[in-house]
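To start, the structure under review is shown below, and the notes come after it.
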Amino acid sequence: AASPDGMDVAGMDLENIRHCLALEREEERLEHLHASASVDPRELERRGVGLHNLRIMSVEADLYGRSLLTLKPTGARPLPPTRLSPGAAVGLRPAGASAAEAVRGTLTRVGGSTVVVSIDELPEGGLREPVLLLLMHNEVTYRRIEAALGAITDGTVSSAASPIVRALLGGQGGRPSELLVPPPPPPPLPLELCRNRGLNEGQRAAVASGLAAAPVCLIHGPPGTGKTTA
């Protein structure tokens with residue numbers, strides 16, 4: 001089958017992609033459920049997916065009526081090495097409480113000794129200390145992938161996105177484009193050629209890679225690193 005713009009949808013093996021996506025999604029859900037219910041908080045911290053014995057340093061108003069909580073480990077210990085990063089979905093709950101009592105939020109900042117979490121609202125009476133922070137299963141990424149696969153199947157992919165879909169998934173004989181083999185990175189874009197003169201060297205290198213890429217350039221970075229600004 002082909003989409004209205006001529007993409008070979010049948011050659012993309014979308015059903016296999018959906019099947020693998022469903023398996024990954026369920027495995028991640030079960031992993032987080034098991035960890036939150038049965039694994040010692042200190043072990044979760046050692047694995048880099050949680051922080052235990054936190055106290056609330058401050059509560060501030062955030063956008064759209066949300067609250068910003070700044071949390072810090074008890075005592076003078078710094079934050080341990082962690083896989084937690086800004087943008088991650090996390091749960092906050094009193095030590096010893098069940099996973100059902102967790103307040104969901106979004107991690108907005110990870111510092112040397114504090115983390116900041118944005119939540120919809122504090123539970124009535126607040127959060128009892130010490131607090132356990134745990135990385136949560138995040139459905140947002142999977143929903144976005146499913147929506148994109150649906151658009152490919154329905155033939156509603158925009159003309160601007162079609163070359164990217166062909167490069168990543170095939171659609172021209174069923175094979176991803178050989179153009180995905182990364183070329184040597186170009187030098188950072190000279191500052192005088194940048195519309196934003198405040199870009200640092202790493203950001204200018206990302207811009208140069210994006211301009212030189214054909215047809216796809218993946219630029220990865222947590223919130224606040226300048227992906228949109230650049």
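Every chain in the structure tokens takes a letter, A first, then B, and so on in the order presented; its residues are numbered from 1, and the ligands are numbered from 1 following the presented order.
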In segment 15-220 of chain A, DSSP helix (DSSP H, G or I) residues written as a PyMOL selection string: chain A and resi 15-38+41-47+63-65+99-101+140-154+162-169+178-180+191-193+201-212
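The environment of segment 23-39 of chain A within 7 Å, counting only C-alpha atoms and disregarding residues fewer than 4 places along the same chain, consists of A:His19, A:Glu43, A:Leu44, A:Ala99, A:Met136, A:His137.
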File of the preceding selection, C-alpha atoms, as a tab-separated table (two decimals), in the first residue's frame:
chain	number	residue	atom	x	y	z
A	19	HIS	CA	4.34	-4.50	18.28
A	43	GLU	CA	18.71	0.80	46.09
A	44	LEU	CA	16.55	2.99	43.81
A	99	ALA	CA	2.93	4.22	45.39
A	136	MET	CA	7.81	7.51	36.87
A	137	HIS	CA	6.60	5.68	33.79
Need to verify the contact set: segment 196-204 of chain A, 7 Å, only C-alpha atoms, exclusion of same-chain residues closer than 5 positions in sequence. Can you return it as a list in words?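 After dropping sequence-adjacent residues, the list is Pro188, Leu189, Leu191, Gly226 and Ala230 of chain A.
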Write out, as a CSV table (one decimal), in the first residue's frame, the residues just selected, with C-alpha atoms.
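So result.csv came out as:
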chain,number,residue,atom,x,y,z
A,188,PRO,CA,30.9,25.5,14.5
A,189,LEU,CA,29.0,28.1,12.5
A,191,LEU,CA,29.4,33.8,15.1
A,226,GLY,CA,19.3,26.3,23.8
A,230,ALA,CA,19.6,28.3,18.5
Find the residues near Val110 of chain A: any atom within 10 Å, counting only C-alpha atoms, skip ones fewer than 3 places away on the same chain, and give them as a ChimeraX atom specification. /A:70-71,79,82,84-86,107,113-117
Store the residues picked out above in a file with N, CA, C and O atoms, as a compact mmCIF listing (two decimals), in the first residue's frame.
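Saved file result-v5.txt follows:
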# COMPACT_ATOMS: atom_id res chain seq x y z
N THR A 70 11.35 22.89 45.83
CA THR A 70 12.79 22.68 45.87
C THR A 70 13.09 21.70 47.00
O THR A 70 12.70 21.93 48.14
N LEU A 71 13.74 20.60 46.66
CA LEU A 71 14.03 19.55 47.63
C LEU A 71 15.53 19.31 47.74
O LEU A 71 16.27 19.48 46.76
N LEU A 79 23.76 15.65 46.04
CA LEU A 79 22.99 14.69 45.25
C LEU A 79 23.93 13.63 44.69
O LEU A 79 25.02 13.93 44.20
N THR A 82 22.97 10.39 39.17
CA THR A 82 21.59 10.01 38.92
C THR A 82 21.27 10.04 37.43
O THR A 82 21.91 10.76 36.65
N LEU A 84 18.26 10.91 36.61
CA LEU A 84 17.18 11.90 36.57
C LEU A 84 17.66 13.15 35.85
O LEU A 84 18.77 13.61 36.07
N SER A 85 16.81 13.69 34.98
CA SER A 85 17.18 14.89 34.24
C SER A 85 15.95 15.77 34.06
O SER A 85 14.81 15.29 34.17
N PRO A 86 16.13 17.06 33.81
CA PRO A 86 14.99 17.95 33.62
C PRO A 86 14.05 17.43 32.53
O PRO A 86 14.48 16.94 31.49
N LEU A 107 10.24 17.06 36.75
CA LEU A 107 11.53 17.56 37.23
C LEU A 107 11.96 18.72 36.34
O LEU A 107 12.04 18.58 35.11
N SER A 113 23.07 20.06 44.81
CA SER A 113 22.55 19.57 46.09
C SER A 113 21.04 19.66 46.18
O SER A 113 20.47 19.28 47.20
N THR A 114 20.38 20.17 45.14
CA THR A 114 18.92 20.30 45.18
C THR A 114 18.30 19.86 43.85
O THR A 114 18.97 19.84 42.81
N VAL A 115 17.02 19.52 43.92
CA VAL A 115 16.22 19.28 42.72
C VAL A 115 14.96 20.13 42.83
O VAL A 115 14.49 20.43 43.94
N VAL A 116 14.41 20.52 41.68
CA VAL A 116 13.19 21.31 41.65
C VAL A 116 12.16 20.55 40.85
O VAL A 116 12.43 20.08 39.74
N VAL A 117 10.96 20.41 41.44
CA VAL A 117 9.88 19.65 40.81
C VAL A 117 8.65 20.53 40.71
O VAL A 117 8.27 21.22 41.67
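For the pair atom CA of Val59 of chain A and atom CA of Arg47 of chain A, the separation is 27.6 Å.
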Spatial neighbours of Gly96 of chain A, 10 Å, only C-alpha atoms, chain gap at least 3 places, as a ChimeraX atom specification: /A:41,93,99,130-132
Taking the DSSP assignment computed from this structure's backbone, write out as a ChimeraX atom specification all residues of segment 27-149 of chain A that belong to strand (DSSP E or B). /A:50-61,67-73,89-94,103-110,115-119,131-135
Counting only C-alpha atoms, what is within 9 Å of segment 209-218 of chain A, bar same-chain residues fewer than 3 positions away, as a list in words? Pro163, Ile164, Ala167, Leu168, Leu179, Leu180, Pro182, Pro183, Pro185, Pro186, Pro187, Pro188, Leu189, Arg204, Ala205 and Ala206 of chain A
Restrict the selected residues to C-alpha atoms and save them as a CSV table (one decimal), in the first residue's frame.
chain,number,residue,atom,x,y,z
A,163,PRO,CA,11.4,13.0,3.3
A,164,ILE,CA,12.2,12.5,7.0
A,167,ALA,CA,14.8,8.4,5.5
A,168,LEU,CA,14.0,6.9,8.9
A,179,LEU,CA,22.0,9.2,3.9
A,180,LEU,CA,21.5,8.4,7.6
A,182,PRO,CA,26.5,10.5,9.7
A,183,PRO,CA,29.1,12.6,7.9
A,185,PRO,CA,30.7,17.0,11.9
A,186,PRO,CA,31.3,20.5,10.4
A,187,PRO,CA,33.1,23.2,12.3
A,188,PRO,CA,30.9,25.5,14.5
A,189,LEU,CA,29.0,28.1,12.5
A,204,ARG,CA,26.9,27.0,17.0
A,205,ALA,CA,28.2,23.4,16.3
A,206,ALA,CA,24.7,22.1,16.6
Pick from A:Ile56, A:Ile119, A:Leu14, A:Val49 nearest to Ala148 of chain A, counting only C-alpha atoms: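 Using only C-alpha atoms, Ala148 of chain A sits closest to A:Leu14.
If you look at atom CA of Ala161 of chain A and atom CA of Thr106 of chain A, they are 29.4 Å away from each other.
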